[in-house]
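This is work-v7.pdb (PDB, C-alpha atoms and all ligand atoms).
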ATOM      1  CA  MET F  14     -17.677  -1.425   7.696
ATOM      2  CA  GLN F  15     -14.363  -0.065   6.544
ATOM      3  CA  TYR F  16     -14.129   2.314   3.594
ATOM      4  CA  ILE F  17     -11.328   3.141   1.188
ATOM      5  CA  THR F  18     -11.121   6.329  -0.851
ATOM      6  CA  LEU F  19     -10.881   6.148  -4.633
ATOM      7  CA  ASN F  20      -8.696   8.498  -6.713
ATOM      8  CA  ASN F  21     -11.681  10.807  -7.369
ATOM      9  CA  GLY F  22     -12.522  11.102  -3.670
ATOM     10  CA  LEU F  23     -15.410   8.595  -3.706
ATOM     11  CA  ARG F  24     -15.627   6.378  -0.624
ATOM     12  CA  MET F  25     -16.043   2.688  -1.363
ATOM     13  CA  PRO F  26     -16.822  -0.053   1.170
ATOM     14  CA  GLN F  27     -13.763  -2.297   1.404
ATOM     15  CA  LEU F  28     -16.034  -5.361   1.634
ATOM     16  CA  GLY F  29     -18.845  -5.941  -0.838
ATOM     17  CA  PHE F  30     -21.095  -8.720  -2.041
ATOM     18  CA  GLY F  31     -20.546 -10.484  -5.388
ATOM     19  CA  VAL F  32     -23.362 -12.120  -7.358
ATOM     20  CA  TRP F  33     -21.636 -13.991 -10.193
ATOM     21  CA  GLN F  34     -23.455 -17.221 -11.136
ATOM     22  CA  VAL F  35     -26.485 -16.294  -9.060
ATOM     23  CA  PRO F  36     -29.721 -16.542 -11.098
ATOM     24  CA  ASP F  37     -31.785 -13.352 -11.217
ATOM     25  CA  ASP F  38     -34.516 -14.367  -8.720
ATOM     26  CA  GLN F  39     -31.988 -15.831  -6.301
ATOM     27  CA  ALA F  40     -29.863 -12.681  -6.674
ATOM     28  CA  GLN F  41     -32.764 -10.618  -5.412
ATOM     29  CA  VAL F  42     -33.082 -12.835  -2.323
ATOM     30  CA  SER F  43     -29.324 -12.962  -1.670
ATOM     31  CA  VAL F  44     -28.798  -9.229  -2.131
ATOM     32  CA  GLU F  45     -31.709  -8.555   0.241
ATOM     33  CA  THR F  46     -30.047 -10.846   2.799
ATOM     34  CA  ALA F  47     -26.685  -9.141   2.295
ATOM     35  CA  LEU F  48     -28.189  -5.683   2.769
ATOM     36  CA  GLU F  49     -29.932  -6.844   5.959
ATOM     37  CA  VAL F  50     -26.632  -8.202   7.276
ATOM     38  CA  GLY F  51     -24.986  -4.830   6.626
ATOM     39  CA  TYR F  52     -23.274  -5.041   3.235
ATOM     40  CA  ARG F  53     -23.665  -1.803   1.289
ATOM     41  CA  SER F  54     -21.637  -2.593  -1.836
ATOM     42  CA  ILE F  55     -22.920  -4.974  -4.525
ATOM     43  CA  ASP F  56     -20.875  -6.244  -7.472
ATOM     44  CA  THR F  57     -22.865  -7.346 -10.517
ATOM     45  CA  ALA F  58     -22.265  -7.312 -14.280
ATOM     46  CA  ARG F  59     -24.188  -7.372 -17.552
ATOM     47  CA  ILE F  60     -23.062 -10.966 -18.166
ATOM     48  CA  TYR F  61     -24.303 -12.178 -14.768
ATOM     49  CA  ALA F  62     -27.860 -11.621 -16.048
ATOM     50  CA  ASN F  63     -28.976 -10.531 -12.588
ATOM     51  CA  GLU F  64     -28.890  -6.733 -12.760
ATOM     52  CA  GLU F  65     -32.702  -6.721 -12.579
ATOM     53  CA  GLY F  66     -32.883  -8.928  -9.485
ATOM     54  CA  THR F  67     -30.111  -6.882  -7.904
ATOM     55  CA  GLY F  68     -32.010  -3.683  -8.677
ATOM     56  CA  ARG F  69     -35.218  -5.081  -7.192
ATOM     57  CA  ALA F  70     -33.383  -5.928  -3.967
ATOM     58  CA  LEU F  71     -31.846  -2.451  -3.770
ATOM     59  CA  ALA F  72     -35.282  -0.868  -4.219
ATOM     60  CA  ALA F  73     -36.973  -3.207  -1.734
ATOM     61  CA  SER F  74     -34.362  -2.474   0.934
ATOM     62  CA  GLY F  75     -35.622   1.070   1.365
ATOM     63  CA  LEU F  76     -32.024   2.122   2.041
ATOM     64  CA  PRO F  77     -31.110   5.642   0.921
ATOM     65  CA  ARG F  78     -29.333   5.539  -2.450
ATOM     66  CA  GLU F  79     -26.328   7.403  -1.029
ATOM     67  CA  GLU F  80     -25.681   4.552   1.422
ATOM     68  CA  LEU F  81     -25.385   2.041  -1.416
ATOM     69  CA  PHE F  82     -22.396   1.375  -3.659
ATOM     70  CA  VAL F  83     -23.404  -0.367  -6.882
ATOM     71  CA  THR F  84     -20.912  -1.743  -9.385
ATOM     72  CA  THR F  85     -21.706  -3.198 -12.789
ATOM     73  CA  LYS F  86     -19.561  -4.060 -15.804
ATOM     74  CA  LEU F  87     -19.481  -3.776 -19.564
ATOM     75  CA  TRP F  88     -19.437  -7.163 -21.304
ATOM     76  CA  ASN F  89     -16.992  -8.239 -24.000
ATOM     77  CA  GLY F  90     -19.469  -7.939 -26.885
ATOM     78  CA  ASP F  91     -20.125  -4.289 -26.033
ATOM     79  CA  HIS F  92     -16.631  -2.902 -26.619
ATOM     80  CA  GLY F  93     -16.286   0.225 -28.768
ATOM     81  CA  ALA F  94     -17.408   3.769 -27.945
ATOM     82  CA  ASP F  95     -21.018   3.677 -29.230
ATOM     83  CA  SER F  96     -21.736   0.142 -28.066
ATOM     84  CA  ALA F  97     -20.349   0.985 -24.641
ATOM     85  CA  LEU F  98     -22.666   3.967 -24.242
ATOM     86  CA  ARG F  99     -25.658   1.830 -25.257
ATOM     87  CA  ALA F 100     -24.601  -1.008 -22.958
ATOM     88  CA  PHE F 101     -24.268   1.383 -20.050
ATOM     89  CA  ASP F 102     -27.786   2.799 -20.607
ATOM     90  CA  ALA F 103     -29.201  -0.731 -20.746
ATOM     91  CA  SER F 104     -27.475  -1.703 -17.486
ATOM     92  CA  LEU F 105     -28.835   1.381 -15.709
ATOM     93  CA  GLU F 106     -32.295   0.549 -17.008
ATOM     94  CA  ARG F 107     -32.129  -3.052 -15.762
ATOM     95  CA  LEU F 108     -30.837  -1.919 -12.371
ATOM     96  CA  GLY F 109     -33.587   0.689 -12.160
ATOM     97  CA  LEU F 110     -31.027   3.346 -11.211
ATOM     98  CA  ASP F 111     -30.120   6.770 -12.552
ATOM     99  CA  HIS F 112     -26.432   6.251 -11.772
ATOM    100  CA  VAL F 113     -24.049   3.564 -10.623
ATOM    101  CA  ASP F 114     -21.185   4.152  -8.250
ATOM    102  CA  LEU F 115     -18.663   2.207 -10.316
ATOM    103  CA  TYR F 116     -18.729   1.057 -13.945
ATOM    104  CA  LEU F 117     -16.001  -1.325 -15.065
ATOM    105  CA  ILE F 118     -14.746  -2.698 -18.371
ATOM    106  CA  HIS F 119     -15.122  -6.397 -17.498
ATOM    107  CA  TRP F 120     -12.221  -7.713 -19.661
ATOM    108  CA  PRO F 121      -9.876  -5.804 -21.991
ATOM    109  CA  VAL F 122     -10.140  -8.505 -24.733
ATOM    110  CA  PRO F 123      -6.945  -7.341 -26.477
ATOM    111  CA  SER F 124      -7.802  -9.404 -29.585
ATOM    112  CA  GLN F 125     -10.639  -6.932 -30.312
ATOM    113  CA  ASP F 126      -8.282  -3.974 -29.860
ATOM    114  CA  ALA F 127     -11.178  -1.775 -28.731
ATOM    115  CA  TYR F 128     -10.631  -1.189 -25.032
ATOM    116  CA  VAL F 129      -9.062   2.246 -25.526
ATOM    117  CA  ASP F 130     -12.157   3.449 -27.433
ATOM    118  CA  THR F 131     -14.386   1.836 -24.830
ATOM    119  CA  TRP F 132     -12.525   3.663 -22.084
ATOM    120  CA  ARG F 133     -13.152   7.009 -23.838
ATOM    121  CA  ALA F 134     -16.875   6.236 -23.588
ATOM    122  CA  LEU F 135     -16.468   5.503 -19.878
ATOM    123  CA  GLU F 136     -14.670   8.833 -19.495
ATOM    124  CA  ARG F 137     -17.793  10.498 -20.916
ATOM    125  CA  ILE F 138     -20.075   8.504 -18.612
ATOM    126  CA  ALA F 139     -17.980   9.630 -15.643
ATOM    127  CA  ALA F 140     -17.985  13.259 -16.835
ATOM    128  CA  ASP F 141     -21.810  13.100 -17.031
ATOM    129  CA  GLY F 142     -21.925  11.780 -13.458
ATOM    130  CA  ARG F 143     -23.914   8.718 -14.499
ATOM    131  CA  ALA F 144     -21.145   6.583 -13.026
ATOM    132  CA  THR F 145     -19.582   8.287 -10.035
ATOM    133  CA  ALA F 146     -16.371   6.369 -10.726
ATOM    134  CA  VAL F 147     -15.155   4.243 -13.630
ATOM    135  CA  GLY F 148     -12.568   1.525 -13.686
ATOM    136  CA  VAL F 149     -11.347  -1.646 -15.284
ATOM    137  CA  SER F 150     -11.251  -5.341 -14.549
ATOM    138  CA  ASN F 151      -8.760  -7.992 -15.611
ATOM    139  CA  PHE F 152      -6.280  -5.416 -16.907
ATOM    140  CA  THR F 153      -2.699  -6.677 -16.872
ATOM    141  CA  GLU F 154       0.571  -4.771 -16.997
ATOM    142  CA  LYS F 155       0.346  -4.723 -20.809
ATOM    143  CA  THR F 156      -3.237  -3.511 -21.169
ATOM    144  CA  LEU F 157      -3.208  -1.133 -18.201
ATOM    145  CA  THR F 158       0.031   0.529 -19.332
ATOM    146  CA  ARG F 159      -1.382   1.148 -22.806
ATOM    147  CA  LEU F 160      -4.610   2.548 -21.369
ATOM    148  CA  LEU F 161      -2.696   4.952 -19.139
ATOM    149  CA  GLU F 162      -0.502   6.065 -22.032
ATOM    150  CA  GLU F 163      -3.338   6.692 -24.481
ATOM    151  CA  THR F 164      -6.130   8.160 -22.346
ATOM    152  CA  ASP F 165      -6.613  10.908 -19.775
ATOM    153  CA  LEU F 166      -8.629   9.505 -16.908
ATOM    154  CA  VAL F 167      -6.867   7.076 -14.563
ATOM    155  CA  PRO F 168      -9.158   4.141 -13.650
ATOM    156  CA  ALA F 169     -10.362   4.272 -10.038
ATOM    157  CA  VAL F 170     -10.224   0.492  -9.630
ATOM    158  CA  ASN F 171      -8.722  -2.573 -11.296
ATOM    159  CA  GLN F 172     -10.739  -5.641 -10.296
ATOM    160  CA  ILE F 173      -8.535  -8.706 -10.783
ATOM    161  CA  GLU F 174      -8.389 -12.352  -9.781
ATOM    162  CA  LEU F 175      -6.698 -12.301  -6.375
ATOM    163  CA  HIS F 176      -6.685 -14.779  -3.492
ATOM    164  CA  PRO F 177      -3.970 -16.404  -1.361
ATOM    165  CA  TYR F 178      -3.133 -18.916  -4.131
ATOM    166  CA  PHE F 179      -2.667 -16.031  -6.598
ATOM    167  CA  SER F 180      -1.712 -12.956  -4.658
ATOM    168  CA  GLN F 181      -0.794 -10.724  -7.629
ATOM    169  CA  GLU F 182       1.940  -8.786  -5.881
ATOM    170  CA  ALA F 183       3.283  -7.179  -9.073
ATOM    171  CA  MET F 184      -0.136  -6.124 -10.328
ATOM    172  CA  ARG F 185      -1.100  -4.732  -6.919
ATOM    173  CA  GLY F 186       2.105  -2.710  -6.963
ATOM    174  CA  LEU F 187       1.456  -1.386 -10.457
ATOM    175  CA  ASN F 188      -2.116  -0.406  -9.580
ATOM    176  CA  ALA F 189      -0.957   1.336  -6.403
ATOM    177  CA  ALA F 190       1.806   3.204  -8.248
ATOM    178  CA  HIS F 191      -0.911   4.847 -10.356
ATOM    179  CA  GLY F 192      -3.371   5.462  -7.517
ATOM    180  CA  ILE F 193      -5.648   2.641  -8.721
ATOM    181  CA  ARG F 194      -7.368   0.546  -6.056
ATOM    182  CA  THR F 195      -7.031  -3.208  -6.363
ATOM    183  CA  GLU F 196     -10.297  -5.103  -5.997
ATOM    184  CA  ALA F 197     -10.037  -8.882  -5.550
ATOM    185  CA  TRP F 198     -12.368 -11.142  -7.494
ATOM    186  CA  SER F 199     -12.818 -14.730  -6.344
ATOM    187  CA  PRO F 200     -11.284 -13.571  -3.046
ATOM    188  CA  LEU F 201     -11.998 -16.989  -1.485
ATOM    189  CA  GLY F 202     -10.494 -18.805  -4.471
ATOM    190  CA  GLN F 203     -14.095 -19.843  -5.247
ATOM    191  CA  GLY F 204     -13.999 -21.919  -2.060
ATOM    192  CA  LYS F 205     -12.394 -24.863  -3.858
ATOM    193  CA  GLY F 206      -9.350 -26.319  -2.131
ATOM    194  CA  LEU F 207      -8.144 -23.037  -0.722
ATOM    195  CA  LEU F 208     -10.529 -23.041   2.243
ATOM    196  CA  ASP F 209      -9.398 -26.604   3.119
ATOM    197  CA  GLU F 210      -5.778 -25.517   3.581
ATOM    198  CA  PRO F 211      -4.727 -26.701   7.081
ATOM    199  CA  VAL F 212      -2.865 -23.459   7.730
ATOM    200  CA  LEU F 213      -6.124 -21.503   7.445
ATOM    201  CA  SER F 214      -7.947 -23.658   9.982
ATOM    202  CA  ARG F 215      -4.916 -23.524  12.271
ATOM    203  CA  ILE F 216      -4.884 -19.721  12.146
ATOM    204  CA  GLY F 217      -8.688 -19.615  12.383
ATOM    205  CA  ALA F 218      -8.607 -21.695  15.578
ATOM    206  CA  LYS F 219      -6.289 -19.112  17.141
ATOM    207  CA  TYR F 220      -8.843 -16.326  16.626
ATOM    208  CA  GLY F 221     -12.023 -18.432  16.878
ATOM    209  CA  ARG F 222     -12.739 -17.759  13.165
ATOM    210  CA  SER F 223     -13.382 -19.787  10.014
ATOM    211  CA  ALA F 224     -10.921 -20.274   7.149
ATOM    212  CA  ALA F 225     -13.044 -17.942   4.988
ATOM    213  CA  GLN F 226     -12.864 -15.221   7.643
ATOM    214  CA  VAL F 227      -9.082 -15.591   7.867
ATOM    215  CA  VAL F 228      -8.779 -15.193   4.091
ATOM    216  CA  LEU F 229     -11.044 -12.126   4.058
ATOM    217  CA  ARG F 230      -9.067 -10.581   6.901
ATOM    218  CA  TRP F 231      -5.840 -11.210   4.954
ATOM    219  CA  HIS F 232      -7.337  -9.280   2.022
ATOM    220  CA  LEU F 233      -8.513  -6.366   4.167
ATOM    221  CA  GLN F 234      -5.147  -6.051   5.891
ATOM    222  CA  THR F 235      -3.379  -6.293   2.505
ATOM    223  CA  GLY F 236      -5.445  -3.299   1.394
ATOM    224  CA  ASN F 237      -7.612  -5.098  -1.176
ATOM    225  CA  VAL F 238     -11.274  -4.409  -1.767
ATOM    226  CA  VAL F 239     -13.084  -7.784  -1.499
ATOM    227  CA  ILE F 240     -16.404  -9.020  -2.882
ATOM    228  CA  PRO F 241     -16.996 -12.579  -1.629
ATOM    229  CA  LYS F 242     -20.030 -14.425  -2.951
ATOM    230  CA  SER F 243     -22.392 -16.821  -1.210
ATOM    231  CA  VAL F 244     -26.070 -17.662  -1.500
ATOM    232  CA  THR F 245     -26.114 -19.299   1.944
ATOM    233  CA  PRO F 246     -27.444 -16.806   4.523
ATOM    234  CA  SER F 247     -25.167 -18.051   7.331
ATOM    235  CA  ARG F 248     -22.105 -17.667   5.087
ATOM    236  CA  ILE F 249     -23.247 -14.248   3.849
ATOM    237  CA  ALA F 250     -23.261 -13.180   7.511
ATOM    238  CA  GLU F 251     -20.002 -14.999   8.327
ATOM    239  CA  ASN F 252     -18.176 -13.272   5.474
ATOM    240  CA  PHE F 253     -19.286  -9.885   6.767
ATOM    241  CA  ASP F 254     -18.224 -10.584  10.345
ATOM    242  CA  VAL F 255     -14.544  -9.748   9.861
ATOM    243  CA  PHE F 256     -14.126  -6.288  11.322
ATOM    244  CA  ASP F 257     -13.482  -7.140  14.968
ATOM    245  CA  PHE F 258     -10.251  -9.108  14.838
ATOM    246  CA  GLU F 259      -6.832  -8.626  13.308
ATOM    247  CA  LEU F 260      -4.305 -11.144  12.005
ATOM    248  CA  ALA F 261      -0.829 -10.879  13.507
ATOM    249  CA  ALA F 262       2.069 -10.260  11.113
ATOM    250  CA  GLU F 263       3.200 -13.901  11.233
ATOM    251  CA  ASP F 264      -0.305 -15.062  10.319
ATOM    252  CA  MET F 265      -0.462 -12.594   7.422
ATOM    253  CA  ASP F 266       2.849 -14.066   6.218
ATOM    254  CA  ALA F 267       1.593 -17.645   6.598
ATOM    255  CA  VAL F 268      -1.496 -16.905   4.472
ATOM    256  CA  GLY F 269       0.668 -15.053   1.934
ATOM    257  CA  ALA F 270       2.968 -18.088   1.696
ATOM    258  CA  LEU F 271       0.127 -20.070   0.077
ATOM    259  CA  ASP F 272       0.771 -18.195  -3.186
ATOM    260  CA  ARG F 273       1.475 -20.544  -6.072
ATOM    261  CA  GLY F 274       1.182 -18.089  -8.901
ATOM    262  CA  GLY F 275      -1.602 -19.850 -10.797
ATOM    263  CA  ARG F 276      -4.920 -18.485 -11.953
ATOM    264  CA  ILE F 277      -8.331 -20.137 -11.647
ATOM    265  CA  GLY F 278      -9.715 -17.976 -14.440
ATOM    266  CA  SER F 279      -8.571 -17.144 -17.970
ATOM    267  CA  ASP F 280      -5.412 -15.205 -18.749
ATOM    268  CA  PRO F 281      -6.796 -11.769 -19.674
ATOM    269  CA  ASP F 282      -4.035 -11.184 -22.252
ATOM    270  CA  ASP F 283      -5.111 -14.253 -24.255
ATOM    271  CA  MET F 284      -8.737 -13.378 -24.940
TER
HETATM  272  P1  LIG Z 301     -15.467 -16.437  -4.175
HETATM  273  O1  LIG Z 301     -13.991 -16.523  -4.071
HETATM  274  O2  LIG Z 301     -16.186 -15.319  -3.547
HETATM  275  O3  LIG Z 301     -16.021 -17.830  -3.646
HETATM  276  C1  LIG Z 301     -17.388 -18.071  -3.591
HETATM  277  C2  LIG Z 301     -17.617 -19.532  -3.208
HETATM  278  O4  LIG Z 301     -16.912 -19.848  -2.017
HETATM  279  C3  LIG Z 301     -19.090 -19.780  -2.881
HETATM  280  O5  LIG Z 301     -19.799 -20.113  -4.048
HETATM  281  C4  LIG Z 301     -19.000 -20.924  -1.888
HETATM  282  O6  LIG Z 301     -18.843 -22.147  -2.578
HETATM  283  C5  LIG Z 301     -17.717 -20.631  -1.159
HETATM  284  N1  LIG Z 301     -17.923 -19.851   0.093
HETATM  285  C6  LIG Z 301     -18.335 -18.563   0.221
HETATM  286  N2  LIG Z 301     -18.355 -18.197   1.509
HETATM  287  C7  LIG Z 301     -17.951 -19.260   2.225
HETATM  288  C8  LIG Z 301     -17.761 -19.495   3.603
HETATM  289  N3  LIG Z 301     -17.968 -18.545   4.512
HETATM  290  N4  LIG Z 301     -17.329 -20.725   3.983
HETATM  291  C9  LIG Z 301     -17.089 -21.697   3.070
HETATM  292  N5  LIG Z 301     -17.238 -21.531   1.746
HETATM  293  C10 LIG Z 301     -17.669 -20.324   1.325
HETATM  294  O7  LIG Z 301     -15.829 -16.588  -5.732
HETATM  295  P2  LIG Z 301     -16.513 -15.775  -6.892
HETATM  296  O8  LIG Z 301     -17.980 -15.790  -6.810
HETATM  297  O9  LIG Z 301     -15.872 -16.319  -8.119
HETATM  298  O10 LIG Z 301     -15.970 -14.281  -6.724
HETATM  299  C11 LIG Z 301     -16.632 -13.311  -5.961
HETATM  300  C12 LIG Z 301     -17.184 -12.223  -6.837
HETATM  301  O11 LIG Z 301     -16.157 -11.649  -7.647
HETATM  302  C13 LIG Z 301     -18.202 -12.709  -7.888
HETATM  303  O12 LIG Z 301     -19.455 -13.001  -7.327
HETATM  304  C14 LIG Z 301     -18.195 -11.546  -8.822
HETATM  305  O13 LIG Z 301     -18.984 -10.485  -8.282
HETATM  306  C15 LIG Z 301     -16.726 -11.182  -8.856
HETATM  307  N6  LIG Z 301     -16.008 -11.792 -10.000
HETATM  308  C16 LIG Z 301     -15.541 -10.968 -10.977
HETATM  309  C17 LIG Z 301     -14.859 -11.496 -12.047
HETATM  310  C18 LIG Z 301     -14.333 -10.571 -13.093
HETATM  311  O14 LIG Z 301     -13.910 -11.050 -14.158
HETATM  312  N7  LIG Z 301     -14.312  -9.288 -12.870
HETATM  313  C19 LIG Z 301     -14.640 -12.872 -12.162
HETATM  314  C20 LIG Z 301     -15.117 -13.691 -11.146
HETATM  315  C21 LIG Z 301     -15.790 -13.132 -10.060
END
Turn the structure described in the file into structure tokens.
Amino acid sequence: MQYITLNNGLRMPQLGFGVWQVPDDQAQVSVETALEVGYRSIDTARIYANEEGTGRALAASGLPREELFVTTKLWNGDHGADSALRAFDASLERLGLDHVDLYLIHWPVPSQDAYVDTWRALERIAADGRATAVGVSNFTEKTLTRLLEETDLVPAVNQIELHPYFSQEAMRGLNAAHGIRTEAWSPLGQGKGLLDEPVLSRIGAKYGRSAAQVVLRWHLQTGNVVIPKSVTPSRIAENFDVFDFELAAEDMDAVGALDRGGRIGSDPDDM
């Protein structure tokens, strides 16, 4: 496992396991598999409705809490200072934990104009130590700039849609300029289309690796934190097996050339 260091000194595994769209019971099974394979970072969220299953898997693993890195996120209906504090307590309760490692605002939802107040609540949660680090997700140049101007604590992480079809060079640069780590969601482009790109199998053949492994390696070498999802045990293991090879510069460039500037998900400024 490779670690990166967040702006408050916390070490975060550069590769984690995402559980979006995984039903609660299945999440327990998949997280248990991931922990057995060696993952130590799990990315869940209130809206995924699987914090309980995730928490059960963490408890069942018997792993020391300090070896685990648990991320959850505040959902859009919980914006505002008081609601955010309540939402955070409820997430901790469902996870069965007394702290998380990272708590994120899931989407800024500019139309509600509440993310600055919400962030002040996260600043309090961080000051209390109930989230070791706090950060944001889906913040764009517009929303991140306002947050930085109007509040004190710089987010540790900005988790954004990022894969070879949408490589987010400008946003990665902006995050880095402020000491914010970029975490890639849907790092495999949700598997659709992207993993069938001939260039990925061509590069994979060179290293004896799959297209998914090539994409994950591209992320790691770009400096992104990645949280691929799978419920298939062989793929959970395959996605973790990316620390013993390195893409050459020309292969990094060839993967980067797949960028077409289009999102899979919603535009965060339009919500
Ligand atoms: P992903 O890019 O990780 O792709 C997952 C899909 O790719 C799987 O369902 C499967 O179909 C396929 N796949 C996975 N491993 C494979 C392999 N080795 N070979 C072939 N196909 C494979 O997509 P994701 O689940 O959207 O994103 C990952 C995580 O990011 C989520 O689980 C969640 O934790 C997080 N996320 C966050 C946000 C946000 O708004 N913050 C949004 C979406 C996802």
Legend entry - Test item: residues no farther than 8 Å from ligand LIG 301 (chain Z), counting all atoms listed in the file, as number ranges by chain: F: 30-35, 55-58, 86, 119-120, 150-151, 172-174, 176, 197-205, 208, 223-226, 239-245, 247-249, 251-252, 278
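For Gly186 (chain F), the list of residues within 12 Å, based on only C-alpha atoms and with local chain neighbours fewer than 4 positions off taken out, reads Thr153, Glu154, Asn171, Ser180, Gln181, Glu182, Ala190, His191, Gly192, Ile193, Arg194, Thr195, Thr235, Gly236 and Asn237 of chain F.
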Legend entry - Explicit residue set for the PyMOL selection byres (((chain F and resi 77-79) around 10) and not hetatm), as a list in words: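 Selected by the PyMOL selection byres (((chain F and resi 77-79) around 10) and not hetatm) in this file: Arg53, Leu71, Ala72, Ser74, Gly75, Leu76, Glu80, Leu81, Phe82, Val83, Leu110, His112, Val113 and Asp114 of chain F.
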Contacts of Met14 (chain F) at 9 Å or less, counting all atoms listed in the file, minus same-chain residues fewer than 3 places along, as a PDB file with C-alpha atoms, in the frame of the given file?
ATOM      1  CA  PRO F  26     -16.822  -0.053   1.170  1.00  0.00           C
ATOM      2  CA  GLN F  27     -13.763  -2.297   1.404  1.00  0.00           C
ATOM      3  CA  LEU F  28     -16.034  -5.361   1.634  1.00  0.00           C
ATOM      4  CA  GLY F  51     -24.986  -4.830   6.626  1.00  0.00           C
ATOM      5  CA  TYR F  52     -23.274  -5.041   3.235  1.00  0.00           C
ATOM      6  CA  ARG F  53     -23.665  -1.803   1.289  1.00  0.00           C
ATOM      7  CA  PHE F 253     -19.286  -9.885   6.767  1.00  0.00           C
ATOM      8  CA  PHE F 256     -14.126  -6.288  11.322  1.00  0.00           C
TER       9      PHE F 256
END
Legend entry - Selection as a ChimeraX atom specification: residues within 10 Å of (0.6, -7.9, -20.4), counting all atoms listed in the file: /F:123,152-159,280-283
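Residues in contact range of Asp91 (chain F), defined as at most 12 Å between all atoms listed in the file, with sequence neighbours fewer than 4 positions away removed, read Arg59, Ile60, Lys86, Leu87, Asp95, Ser96, Ala97, Leu98, Arg99, Ala100, Phe101, Asp102, Ala103, Ser104, Ile118, His119, Trp120, Pro121, Val122, Gln125, Ala127, Tyr128, Asp130, Thr131, Trp132 and Ala134 of chain F.
Evaluated on this file, the PyMOL selection byres (((chain F and resi 267) around 12) and not hetatm) matches Pro177, Tyr178, Glu210, Pro211, Val212, Leu213, Ser214, Arg215, Ile216, Gly217, Val227, Val228, Trp231, Leu260, Ala261, Ala262, Glu263, Asp264, Met265, Asp266, Val268, Gly269, Ala270, Leu271 and Asp272 of chain F.
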Legend entry - One-decimal distance in Å that lies between CA of Ala139 (chain F) and CA of Leu166 (chain F):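 Computing the Euclidean distance for CA of Leu166 (chain F) and CA of Ala139 (chain F) yields 9.4 Å.
Pairwise distance (CA of Ala169 (chain F), CA of Arg69 (chain F)) equals 26.7 Å.
Against the coordinates shown, the PyMOL selection byres (((chain F and resi 41) around 8) and not hetatm) returns Asp37, Asp38, Gln39, Ala40, Val42, Ser43, Val44, Glu45, Gly66, Thr67, Gly68, Arg69 and Ala70 of chain F.
Between CA of Val238 (chain F) and CA of Glu163 (chain F) the separation is 26.5 Å.
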Inset, instruction - Between F:Tyr220, F:Asn89, F:Gly274, F:Leu48, single out the one closest to Val255 (chain F), counting only C-alpha atoms. - result: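 Among F:Tyr220, F:Asn89, F:Gly274, F:Leu48, it is F:Tyr220 that comes nearest to Val255 (chain F).
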Inset, instruction - Find the residue from F:Thr145, F:Asn63, F:Thr164, F:Thr18 that sits nearest to Asp111 (chain F); use all atoms listed in the file when measuring. - result: F:Thr145
Please return the centre and edge lengths, in Å to one decimal, of a box with edges along x, y and z that contains all listed atoms of region 104-111 of chain F, widened by 6 Å on every side, as lines of an AutoDock Vina configuration file.
center_x = -30.5
center_y = 1.9
center_z = -14.3
size_x = 18.1
size_y = 21.8
size_z = 18.3
If I only have part of region 267-278 of chain F, can you fill in N, CA and C atoms and write it as a tab-separated table (two decimals), in the frame of the given file?
chain	number	residue	atom	x	y	z
F	267	ALA	N	1.92	-16.22	6.84
F	267	ALA	CA	1.59	-17.64	6.60
F	267	ALA	C	0.51	-17.77	5.53
F	268	VAL	N	-0.47	-16.87	5.52
F	268	VAL	CA	-1.50	-16.90	4.47
F	268	VAL	C	-0.85	-16.52	3.14
F	269	GLY	N	-0.01	-15.50	3.16
F	269	GLY	CA	0.67	-15.05	1.93
F	269	GLY	C	1.55	-16.14	1.33
F	270	ALA	N	2.07	-17.03	2.18
F	270	ALA	CA	2.97	-18.09	1.70
F	270	ALA	C	2.22	-19.16	0.89
F	271	LEU	N	0.90	-19.10	0.87
F	271	LEU	CA	0.13	-20.07	0.08
F	271	LEU	C	0.21	-19.78	-1.42
F	272	ASP	N	0.73	-18.60	-1.77
F	272	ASP	CA	0.77	-18.20	-3.19
F	272	ASP	C	1.47	-19.24	-4.04
F	273	ARG	N	0.81	-19.64	-5.14
F	273	ARG	CA	1.48	-20.54	-6.07
F	273	ARG	C	1.43	-20.02	-7.50
F	274	GLY	N	1.03	-18.77	-7.62
F	274	GLY	CA	1.18	-18.09	-8.90
F	274	GLY	C	0.30	-18.57	-10.03
F	275	GLY	N	-0.75	-19.33	-9.71
F	275	GLY	CA	-1.60	-19.85	-10.80
F	275	GLY	C	-3.01	-19.30	-10.72
F	276	ARG	N	-3.56	-19.01	-11.89
F	276	ARG	CA	-4.92	-18.48	-11.95
F	276	ARG	C	-5.95	-19.61	-11.91
F	277	ILE	N	-7.17	-19.27	-11.45
F	277	ILE	CA	-8.33	-20.14	-11.65
F	277	ILE	C	-8.94	-19.77	-13.00
F	278	GLY	N	-9.03	-18.48	-13.24
F	278	GLY	CA	-9.72	-17.98	-14.44
F	278	GLY	C	-8.79	-17.87	-15.64
